[in-house]
$ cat upload.cif   # mmCIF, C-alpha atoms and all ligand atoms
data_coords
loop_
_atom_site.label_atom_id
_atom_site.label_comp_id
_atom_site.auth_asym_id
_atom_site.auth_seq_id
_atom_site.Cartn_x
_atom_site.Cartn_y
_atom_site.Cartn_z
CA MET O 20 113.58 94.87 58.05
CA ASN O 21 110.28 95.61 59.80
CA LYS O 22 110.13 95.84 63.57
CA ILE O 23 107.69 94.62 66.17
CA GLY O 24 107.53 96.41 69.52
CA ILE O 25 105.51 95.08 72.45
CA ASP O 26 104.69 97.14 75.53
CA LEU O 27 103.84 94.90 78.43
CA GLY O 28 101.70 96.91 80.84
CA GLY O 29 99.86 95.98 84.02
CA THR O 30 96.44 96.27 82.40
CA LYS O 31 97.12 96.05 78.67
CA ILE O 32 99.63 94.66 76.23
CA GLU O 33 100.16 96.78 73.15
CA GLY O 34 102.00 95.80 70.01
CA ILE O 35 102.99 97.63 66.85
CA LEU O 36 104.52 96.59 63.57
CA VAL O 37 106.55 99.37 61.93
CA ASP O 38 108.55 99.67 58.73
CA GLU O 39 112.19 100.71 58.56
CA ASN O 40 111.16 104.39 58.89
CA TYR O 41 109.18 103.61 62.05
CA GLU O 42 105.88 104.25 60.31
CA ILE O 43 103.17 102.13 61.92
CA ILE O 44 101.81 99.34 59.72
CA THR O 45 99.58 97.79 62.38
CA ARG O 46 98.77 98.43 66.02
CA LYS O 47 97.04 95.91 68.29
CA ARG O 48 96.06 95.96 71.93
CA ILE O 49 94.92 93.22 74.30
CA SER O 50 94.26 93.21 78.01
CA THR O 51 96.72 91.71 80.50
CA ASN O 52 94.92 88.98 82.42
CA GLN O 53 97.26 88.98 85.38
CA GLU O 54 95.03 86.68 87.42
CA GLU O 55 95.36 83.96 84.80
CA GLY O 56 99.04 83.77 85.50
CA TYR O 57 102.35 83.79 83.71
CA ASN O 58 101.75 81.06 81.12
CA SER O 59 98.55 82.70 79.98
CA ILE O 60 100.30 86.07 79.57
CA LEU O 61 103.08 84.37 77.66
CA GLU O 62 100.53 82.75 75.34
CA SER O 63 98.76 86.11 74.80
CA ILE O 64 102.04 87.81 73.89
CA LYS O 65 102.91 85.00 71.52
CA ASN O 66 99.55 85.26 69.73
CA LEU O 67 99.83 89.03 69.53
CA ILE O 68 103.29 88.76 67.99
CA LEU O 69 102.18 86.08 65.52
CA GLU O 70 99.30 88.29 64.37
CA LEU O 71 101.73 91.15 63.79
CA VAL O 72 104.23 88.88 62.01
CA GLN O 73 101.48 87.78 59.61
CA GLU O 74 101.00 91.36 58.47
CA SER O 75 104.64 91.86 57.66
CA ASP O 76 105.98 91.08 54.20
CA HIS O 77 109.56 91.41 55.47
CA LYS O 78 111.60 89.75 58.18
CA VAL O 79 110.99 91.27 61.60
CA SER O 80 112.90 92.07 64.76
CA ILE O 81 111.05 91.73 68.05
CA GLY O 82 111.51 93.94 71.10
CA ILE O 83 109.66 93.94 74.42
CA CYS O 84 109.25 96.82 76.85
CA THR O 85 108.54 95.65 80.37
CA PRO O 86 108.02 97.33 83.70
CA GLY O 87 110.66 96.36 86.19
CA ALA O 88 114.32 95.68 85.73
CA LEU O 89 116.15 92.63 84.42
CA SER O 90 118.64 91.21 86.83
CA LEU O 91 122.11 91.20 85.34
CA ASP O 92 122.92 88.10 87.39
CA THR O 93 120.04 85.94 86.33
CA GLY O 94 118.34 87.66 83.37
CA LEU O 95 115.11 87.36 85.35
CA ILE O 96 112.59 90.14 85.87
CA LYS O 97 112.66 91.88 89.24
CA ASN O 98 110.58 94.74 90.69
CA SER O 99 107.76 94.47 88.16
CA ASN O 100 104.30 95.77 88.99
CA THR O 101 102.93 92.95 86.86
CA GLN O 102 103.61 90.66 89.78
CA CYS O 103 103.37 87.32 88.03
CA LEU O 104 106.37 88.27 85.85
CA ILE O 105 108.72 88.58 88.82
CA GLY O 106 111.40 85.94 88.76
CA LYS O 107 110.48 84.78 85.24
CA ASP O 108 112.85 84.46 82.31
CA ILE O 109 110.43 86.00 79.85
CA GLN O 110 113.09 86.71 77.24
CA ASN O 111 114.17 83.08 76.89
CA ASP O 112 110.65 81.73 77.34
CA LEU O 113 109.43 83.85 74.44
CA LYS O 114 112.48 82.96 72.37
CA ASN O 115 111.67 79.29 72.85
CA ILE O 116 108.00 79.45 71.96
CA LEU O 117 108.47 81.86 69.04
CA HIS O 118 111.72 80.36 67.70
CA HIS O 119 112.82 83.94 67.19
CA ASN O 120 115.24 86.28 68.92
CA VAL O 121 113.63 88.70 71.35
CA SER O 122 115.18 91.81 72.92
CA ILE O 123 113.84 93.03 76.23
CA GLU O 124 114.32 96.25 78.15
CA ASN O 125 112.70 98.07 81.05
CA ASP O 126 110.10 100.75 80.45
CA ALA O 127 112.19 103.75 81.54
CA ASN O 128 115.00 102.82 79.15
CA CYS O 129 112.48 102.20 76.34
CA PHE O 130 110.86 105.57 77.03
CA ALA O 131 114.21 107.37 76.98
CA LEU O 132 115.35 105.58 73.83
CA ALA O 133 112.12 106.31 71.94
CA GLU O 134 112.12 109.99 72.91
CA ALA O 135 115.83 110.34 72.12
CA LYS O 136 115.56 108.83 68.65
CA LEU O 137 112.03 109.58 67.51
CA GLY O 138 110.61 112.14 69.92
CA ALA O 139 111.56 115.26 71.86
CA GLY O 140 115.27 114.43 72.02
CA LYS O 141 115.91 113.94 68.31
CA ASN O 142 119.26 115.53 67.35
CA TYR O 143 120.46 115.60 70.97
CA ASN O 144 123.43 113.43 71.95
CA LEU O 145 122.92 112.79 75.62
CA VAL O 146 119.28 112.52 76.61
CA PHE O 147 118.05 111.76 80.11
CA GLY O 148 114.50 110.39 80.04
CA VAL O 149 112.43 110.38 83.18
CA ILE O 150 109.20 108.55 83.94
CA MET O 151 107.18 109.97 86.80
CA GLY O 152 104.06 107.89 87.17
CA THR O 153 103.04 105.17 89.60
CA GLY O 154 106.77 104.58 89.94
CA VAL O 155 109.70 106.80 89.08
CA GLY O 156 112.52 105.78 86.77
CA GLY O 157 115.04 107.13 84.34
CA GLY O 158 117.07 106.15 81.32
CA ILE O 159 120.31 107.50 79.87
CA ILE O 160 120.74 107.58 76.10
CA ILE O 161 124.16 108.41 74.69
CA ASP O 162 124.57 108.71 70.91
CA GLY O 163 121.34 106.82 70.34
CA LYS O 164 122.16 103.91 72.64
CA ILE O 165 120.97 102.97 76.11
CA HIS O 166 123.73 103.41 78.67
CA HIS O 167 123.35 100.43 81.00
CA GLY O 168 126.39 100.88 83.22
CA ARG O 169 128.61 98.31 84.82
CA THR O 170 125.86 96.59 86.78
CA ASN O 171 122.84 97.51 84.67
CA ILE O 172 121.47 100.16 87.03
CA ALA O 173 122.48 103.33 85.18
CA GLY O 174 119.63 105.81 85.16
CA GLU O 175 117.84 104.30 88.18
CA TRP O 176 117.07 107.85 89.17
CA GLY O 177 113.92 106.99 91.13
CA HIS O 178 115.89 105.25 93.85
CA HIS O 179 118.63 107.72 94.62
CA CYS O 180 118.31 109.22 98.06
CA LEU O 181 116.80 112.70 98.35
CA HIS O 182 116.33 112.82 102.11
CA THR O 183 118.51 110.80 104.46
CA GLY O 184 116.29 108.82 106.79
CA GLY O 185 113.24 109.91 104.78
CA ASN O 186 110.21 108.02 103.52
CA LEU O 187 110.52 104.24 103.48
CA CYS O 188 110.64 102.85 99.93
CA TYR O 189 109.55 99.39 98.76
CA CYS O 190 113.15 98.86 97.61
CA GLY O 191 114.24 98.76 101.25
CA ASN O 192 115.98 102.14 101.35
CA LYS O 193 114.74 105.38 102.84
CA GLY O 194 114.32 108.74 101.15
CA CYS O 195 114.16 107.55 97.51
CA VAL O 196 112.98 110.07 94.89
CA GLU O 197 110.07 107.75 94.07
CA THR O 198 108.64 108.16 97.57
CA TYR O 199 108.35 111.93 97.03
CA ILE O 200 107.43 112.66 93.42
CA SER O 201 105.60 109.60 92.09
CA GLY O 202 101.85 110.04 91.54
CA PRO O 203 100.90 108.00 94.63
CA ALA O 204 103.51 109.80 96.78
CA LEU O 205 102.18 113.22 95.75
CA GLU O 206 98.60 112.12 96.44
CA LYS O 207 99.63 110.75 99.83
CA LYS O 208 101.33 113.99 100.77
CA TRP O 209 98.15 115.86 99.82
CA SER O 210 95.99 113.58 101.93
CA VAL O 211 98.29 114.09 104.94
CA LEU O 212 98.02 117.88 104.51
CA THR O 213 94.29 118.06 103.81
CA SER O 214 92.79 114.76 105.01
CA GLN O 215 91.31 114.44 101.52
CA ASN O 216 91.97 111.55 99.16
CA GLN O 217 92.18 113.16 95.74
CA SER O 218 93.78 112.21 92.48
CA LEU O 219 96.70 114.22 91.15
CA SER O 220 94.54 115.91 88.51
CA GLU O 221 91.97 116.86 91.18
CA ILE O 222 94.75 118.27 93.37
CA ILE O 223 96.05 120.42 90.52
CA GLN O 224 92.57 121.87 90.04
CA ASN O 225 92.44 122.61 93.75
CA SER O 226 95.03 125.36 93.74
CA ASP O 227 92.76 127.62 95.82
CA ASN O 228 93.09 125.25 98.77
CA HIS O 229 95.23 126.91 101.46
CA ASN O 230 97.43 123.79 101.63
CA PHE O 231 98.23 123.91 97.94
CA PRO O 232 101.24 126.29 98.11
CA ASN O 233 102.80 124.07 100.77
CA TRP O 234 102.24 120.91 98.75
CA LYS O 235 103.53 122.53 95.59
CA LYS O 236 106.62 123.93 97.26
CA SER O 237 107.80 120.60 98.62
CA PHE O 238 107.02 118.95 95.27
CA LEU O 239 109.08 121.57 93.41
CA ASP O 240 111.92 121.39 95.95
CA ASP O 241 112.14 117.60 95.53
CA PHE O 242 111.74 117.72 91.75
CA GLY O 243 114.39 120.45 91.57
CA LEU O 244 116.95 118.72 93.72
CA SER O 245 116.51 115.30 92.13
CA LEU O 246 117.06 116.64 88.60
CA ALA O 247 119.80 119.09 89.63
CA ASN O 248 121.71 116.05 90.92
CA VAL O 249 121.42 114.49 87.46
CA ILE O 250 122.61 117.63 85.70
CA ASP O 251 125.58 117.96 88.07
CA ILE O 252 126.72 114.43 87.28
CA LEU O 253 125.62 113.80 83.68
CA ASP O 254 125.17 117.30 82.23
CA PRO O 255 122.71 115.94 79.62
CA ASP O 256 121.81 117.85 76.46
CA MET O 257 118.13 117.41 77.25
CA ILE O 258 115.82 116.04 79.94
CA VAL O 259 112.50 114.60 78.71
CA LEU O 260 109.67 113.98 81.16
CA GLY O 261 107.09 111.22 80.84
CA GLY O 262 104.45 109.43 82.92
CA GLY O 263 101.23 110.83 84.39
CA VAL O 264 102.97 113.38 86.64
CA SER O 265 104.70 114.92 83.59
CA ASN O 266 101.33 116.35 82.47
CA ILE O 267 101.59 119.03 85.16
CA ASP O 268 102.26 122.33 83.38
CA PHE O 269 104.14 124.11 86.17
CA LEU O 270 107.01 121.59 85.95
CA TYR O 271 108.14 123.25 82.72
CA ASP O 272 108.47 126.79 84.12
CA GLU O 273 108.54 126.87 87.93
CA GLY O 274 109.81 123.27 88.00
CA LYS O 275 112.62 124.09 85.63
CA SER O 276 113.58 127.12 87.74
CA ALA O 277 113.62 124.91 90.85
CA VAL O 278 116.10 122.63 89.08
CA TYR O 279 118.27 125.46 87.80
CA GLU O 280 118.52 127.04 91.27
CA LYS O 281 120.22 123.95 92.61
CA VAL O 282 122.63 123.14 89.81
CA PHE O 283 126.32 123.64 90.53
CA SER O 284 127.01 126.00 87.65
CA ASP O 285 126.51 129.63 86.72
CA ILE O 286 125.59 128.71 83.15
CA ILE O 287 122.57 126.50 83.00
CA ASP O 288 120.19 126.10 80.08
CA THR O 289 119.38 122.37 79.99
CA PRO O 290 116.06 121.94 78.19
CA ILE O 291 113.49 120.18 80.39
CA VAL O 292 110.65 119.24 78.07
CA GLU O 293 107.49 117.22 77.84
CA ASN O 294 107.59 113.98 75.86
CA VAL O 295 106.28 113.86 72.30
CA LEU O 296 105.30 110.21 71.94
CA GLY O 297 103.00 109.97 74.98
CA ASP O 298 101.78 106.46 75.73
CA SER O 299 103.40 105.17 72.53
CA ALA O 300 106.96 105.64 73.81
CA GLY O 301 107.01 102.08 75.16
CA VAL O 302 106.12 100.35 71.90
CA PHE O 303 108.45 102.54 69.86
CA GLY O 304 111.25 102.05 72.37
CA ALA O 305 110.73 98.28 72.05
CA CYS O 306 110.99 98.56 68.25
CA LEU O 307 114.29 100.38 68.63
CA LEU O 308 115.96 97.68 70.75
ZN ZN O 401 113.71 103.04 96.54
#
$ encode --input "upload.cif" --output "structure tokens"
Amino acid sequence: MNKIGIDLGGTKIEGILVDENYEIITRKRISTNQEEGYNSILESIKNLILELVQESDHKVSIGICTPGALSLDTGLIKNSNTQCLIGKDIQNDLKNILHHNVSIENDANCFALAEAKLGAGKNYNLVFGVIMGTGVGGGIIIDGKIHHGRTNIAGEWGHHCLHTGGNLCYCGNKGCVETYISGPALEKKWSVLTSQNQSLSEIIQNSDNHNFPNWKKSFLDDFGLSLANVIDILDPDMIVLGGGVSNIDFLYDEGKSAVYEKVFSDIIDTPIVENVLGDSAGVFGACLL
């Protein structure tokens, strides 16, 4: 059976058709016209899928990777940065207009699944995948399957508390990981220290700035503690990093040391590695659902 994977992003929707060995047959990309609303997005996804179906000479499975989580209660999308999807039953709506089964999963789980089966975590049993980008999320893959947990929140690493009474998070809690090591949080911290609004890549190139060591130290402390917590509880075979923040080189040496320092064990050698699939993790993860 061939597989179709759709990655539903805030600015673009990408789709791939792959064969049973996950070799890409076709890849297509369209823009997400958020301002045109939910029905228009639904129609665009449908057309994209139909184009991909046409190029397949076998039956297909269809998977969708979406930002935001699916409520276990209602099956509806919550917390999506593609705002017009919030509260929608996209899985059933697509099922109805395509007359075809559709699997759907959040982007952090898709990322972790793709890296565990086709990317950096191949041959590792328990893989913890982390996305550090505009938001922060995680996914737990055990023996090639997403571990959802009792209430579907397993791996929601970005919203565990790092600092009691700390930064206010959009989720309503204070001190969430996301408010310290997401791209926007790191840029905000820099602007508080330096009164300069710079992008993360500009900040990294600004290591001569006298505020840089300070900024970097608190970043590494937060990164270290947040992943040490994961290792203490899950003891994964590998941690794979993704998202824009994961492009920062020092996470893989000094960052790794900052994690190791805080782990409750005298033997610690958990690999903390960069992703292999890059931006394609979402579409491949969707194919694997
Ligand atoms: Zn939060």
$ residues_near_ligand --input "upload.cif" --ligand "ligand ZN 401 (chain O)" --cutoff "12 Å" --atoms "all atoms listed in the file" --output "ChimeraX atom specification"
/O:98,154-156,175-182,185-201
$ atom_distance --input "upload.cif" --atom1 "CA of Asn294 in chain O" --atom2 "CA of Ala127 in chain O"
12.6 Å
$ residues_around --input "upload.cif" --residues "range 263-270 of chain O" --least-positions-apart "3" --cutoff "6 Å" --atoms "all atoms listed in the file" --output "list in words"
Met151, Gly152, Leu260, Glu273 and Gly274 of chain O
$ residues_around --input "upload.cif" --residues "Gly94 in chain O" --least-positions-apart "5" --cutoff "9 Å" --atoms "all atoms listed in the file" --output "JSON, numbers by chain"
{"O": [89, 106, 107, 108, 109, 110, 111]}
$ atom_distance --input "upload.cif" --atom1 "CA of Asp256 in chain O" --atom2 "CA of Phe147 in chain O"
8.0 Å
$ atom_distance --input "upload.cif" --atom1 "CA of Asn115 in chain O" --atom2 "CA of Lys65 in chain O"
10.5 Å
$ closest_residue --input "upload.cif" --among "O:Val292, O:Cys84, O:Ile25, O:Leu239" --to "Gly148 in chain O" --atoms "all atoms listed in the file"
O:Val292
$ build_atoms --input "upload.cif" --residues "range 194-205 of chain O" --atoms "all heavy atoms" --output "mmCIF file, in the coordinates of the input"
data_model
loop_
_atom_site.group_PDB
_atom_site.id
_atom_site.type_symbol
_atom_site.label_atom_id
_atom_site.label_comp_id
_atom_site.auth_asym_id
_atom_site.auth_seq_id
_atom_site.Cartn_x
_atom_site.Cartn_y
_atom_site.Cartn_z
ATOM 1 N N GLY O 194 114.077 107.438 101.757
ATOM 2 C CA GLY O 194 114.320 108.740 101.150
ATOM 3 C C GLY O 194 114.436 108.744 99.635
ATOM 4 O O GLY O 194 114.837 109.746 99.040
ATOM 5 N N CYS O 195 114.072 107.626 98.977
ATOM 6 C CA CYS O 195 114.160 107.550 97.510
ATOM 7 C C CYS O 195 113.272 108.607 96.834
ATOM 8 O O CYS O 195 112.184 108.913 97.327
ATOM 9 C CB CYS O 195 113.704 106.184 97.005
ATOM 10 S SG CYS O 195 114.773 104.834 97.495
ATOM 11 N N VAL O 196 113.737 109.099 95.695
ATOM 12 C CA VAL O 196 112.980 110.070 94.890
ATOM 13 C C VAL O 196 111.533 109.594 94.679
ATOM 14 O O VAL O 196 110.586 110.367 94.805
ATOM 15 C CB VAL O 196 113.669 110.266 93.521
ATOM 16 C CG1 VAL O 196 112.825 111.144 92.613
ATOM 17 C CG2 VAL O 196 115.060 110.855 93.703
ATOM 18 N N GLU O 197 111.402 108.300 94.371
ATOM 19 C CA GLU O 197 110.070 107.750 94.070
ATOM 20 C C GLU O 197 109.072 107.975 95.204
ATOM 21 O O GLU O 197 107.878 108.132 94.959
ATOM 22 C CB GLU O 197 110.206 106.244 93.768
ATOM 23 C CG GLU O 197 108.885 105.569 93.471
ATOM 24 C CD GLU O 197 109.027 104.197 92.840
ATOM 25 O OE1 GLU O 197 109.763 104.062 91.841
ATOM 26 O OE2 GLU O 197 108.400 103.258 93.336
ATOM 27 N N THR O 198 109.559 108.001 96.447
ATOM 28 C CA THR O 198 108.640 108.160 97.570
ATOM 29 C C THR O 198 108.219 109.607 97.771
ATOM 30 O O THR O 198 107.448 109.921 98.678
ATOM 31 C CB THR O 198 109.251 107.630 98.892
ATOM 32 O OG1 THR O 198 110.344 108.479 99.270
ATOM 33 C CG2 THR O 198 109.737 106.206 98.746
ATOM 34 N N TYR O 199 108.729 110.523 96.931
ATOM 35 C CA TYR O 199 108.350 111.930 97.030
ATOM 36 C C TYR O 199 107.616 112.455 95.797
ATOM 37 O O TYR O 199 106.693 113.242 95.920
ATOM 38 C CB TYR O 199 109.593 112.811 97.291
ATOM 39 C CG TYR O 199 110.168 112.534 98.652
ATOM 40 C CD1 TYR O 199 111.158 111.564 98.822
ATOM 41 C CD2 TYR O 199 109.659 113.179 99.779
ATOM 42 C CE1 TYR O 199 111.643 111.263 100.084
ATOM 43 C CE2 TYR O 199 110.139 112.884 101.046
ATOM 44 C CZ TYR O 199 111.136 111.927 101.197
ATOM 45 O OH TYR O 199 111.598 111.620 102.443
ATOM 46 N N ILE O 200 108.036 112.023 94.604
ATOM 47 C CA ILE O 200 107.430 112.660 93.420
ATOM 48 C C ILE O 200 106.740 111.683 92.467
ATOM 49 O O ILE O 200 106.450 112.039 91.334
ATOM 50 C CB ILE O 200 108.451 113.541 92.652
ATOM 51 C CG1 ILE O 200 109.605 112.703 92.109
ATOM 52 C CG2 ILE O 200 108.973 114.680 93.518
ATOM 53 C CD1 ILE O 200 110.458 113.463 91.098
ATOM 54 N N SER O 201 106.467 110.463 92.903
ATOM 55 C CA SER O 201 105.600 109.600 92.090
ATOM 56 C C SER O 201 104.158 110.083 92.283
ATOM 57 O O SER O 201 103.867 110.804 93.255
ATOM 58 C CB SER O 201 105.720 108.141 92.542
ATOM 59 O OG SER O 201 105.166 107.983 93.832
ATOM 60 N N GLY O 202 103.265 109.679 91.397
ATOM 61 C CA GLY O 202 101.850 110.040 91.540
ATOM 62 C C GLY O 202 101.299 109.675 92.911
ATOM 63 O O GLY O 202 100.770 110.529 93.627
ATOM 64 N N PRO O 203 101.433 108.401 93.313
ATOM 65 C CA PRO O 203 100.900 108.000 94.630
ATOM 66 C C PRO O 203 101.541 108.768 95.791
ATOM 67 O O PRO O 203 100.853 109.109 96.758
ATOM 68 C CB PRO O 203 101.270 106.507 94.717
ATOM 69 C CG PRO O 203 101.385 106.066 93.298
ATOM 70 C CD PRO O 203 101.905 107.252 92.538
ATOM 71 N N ALA O 204 102.842 109.076 95.686
ATOM 72 C CA ALA O 204 103.510 109.800 96.780
ATOM 73 C C ALA O 204 102.959 111.221 96.894
ATOM 74 O O ALA O 204 102.728 111.726 98.000
ATOM 75 C CB ALA O 204 105.020 109.851 96.537
ATOM 76 N N LEU O 205 102.712 111.862 95.745
ATOM 77 C CA LEU O 205 102.180 113.220 95.750
ATOM 78 C C LEU O 205 100.755 113.245 96.292
ATOM 79 O O LEU O 205 100.355 114.162 97.021
ATOM 80 C CB LEU O 205 102.236 113.821 94.343
ATOM 81 C CG LEU O 205 103.651 114.131 93.842
ATOM 82 C CD1 LEU O 205 103.662 114.318 92.332
ATOM 83 C CD2 LEU O 205 104.191 115.385 94.538
#
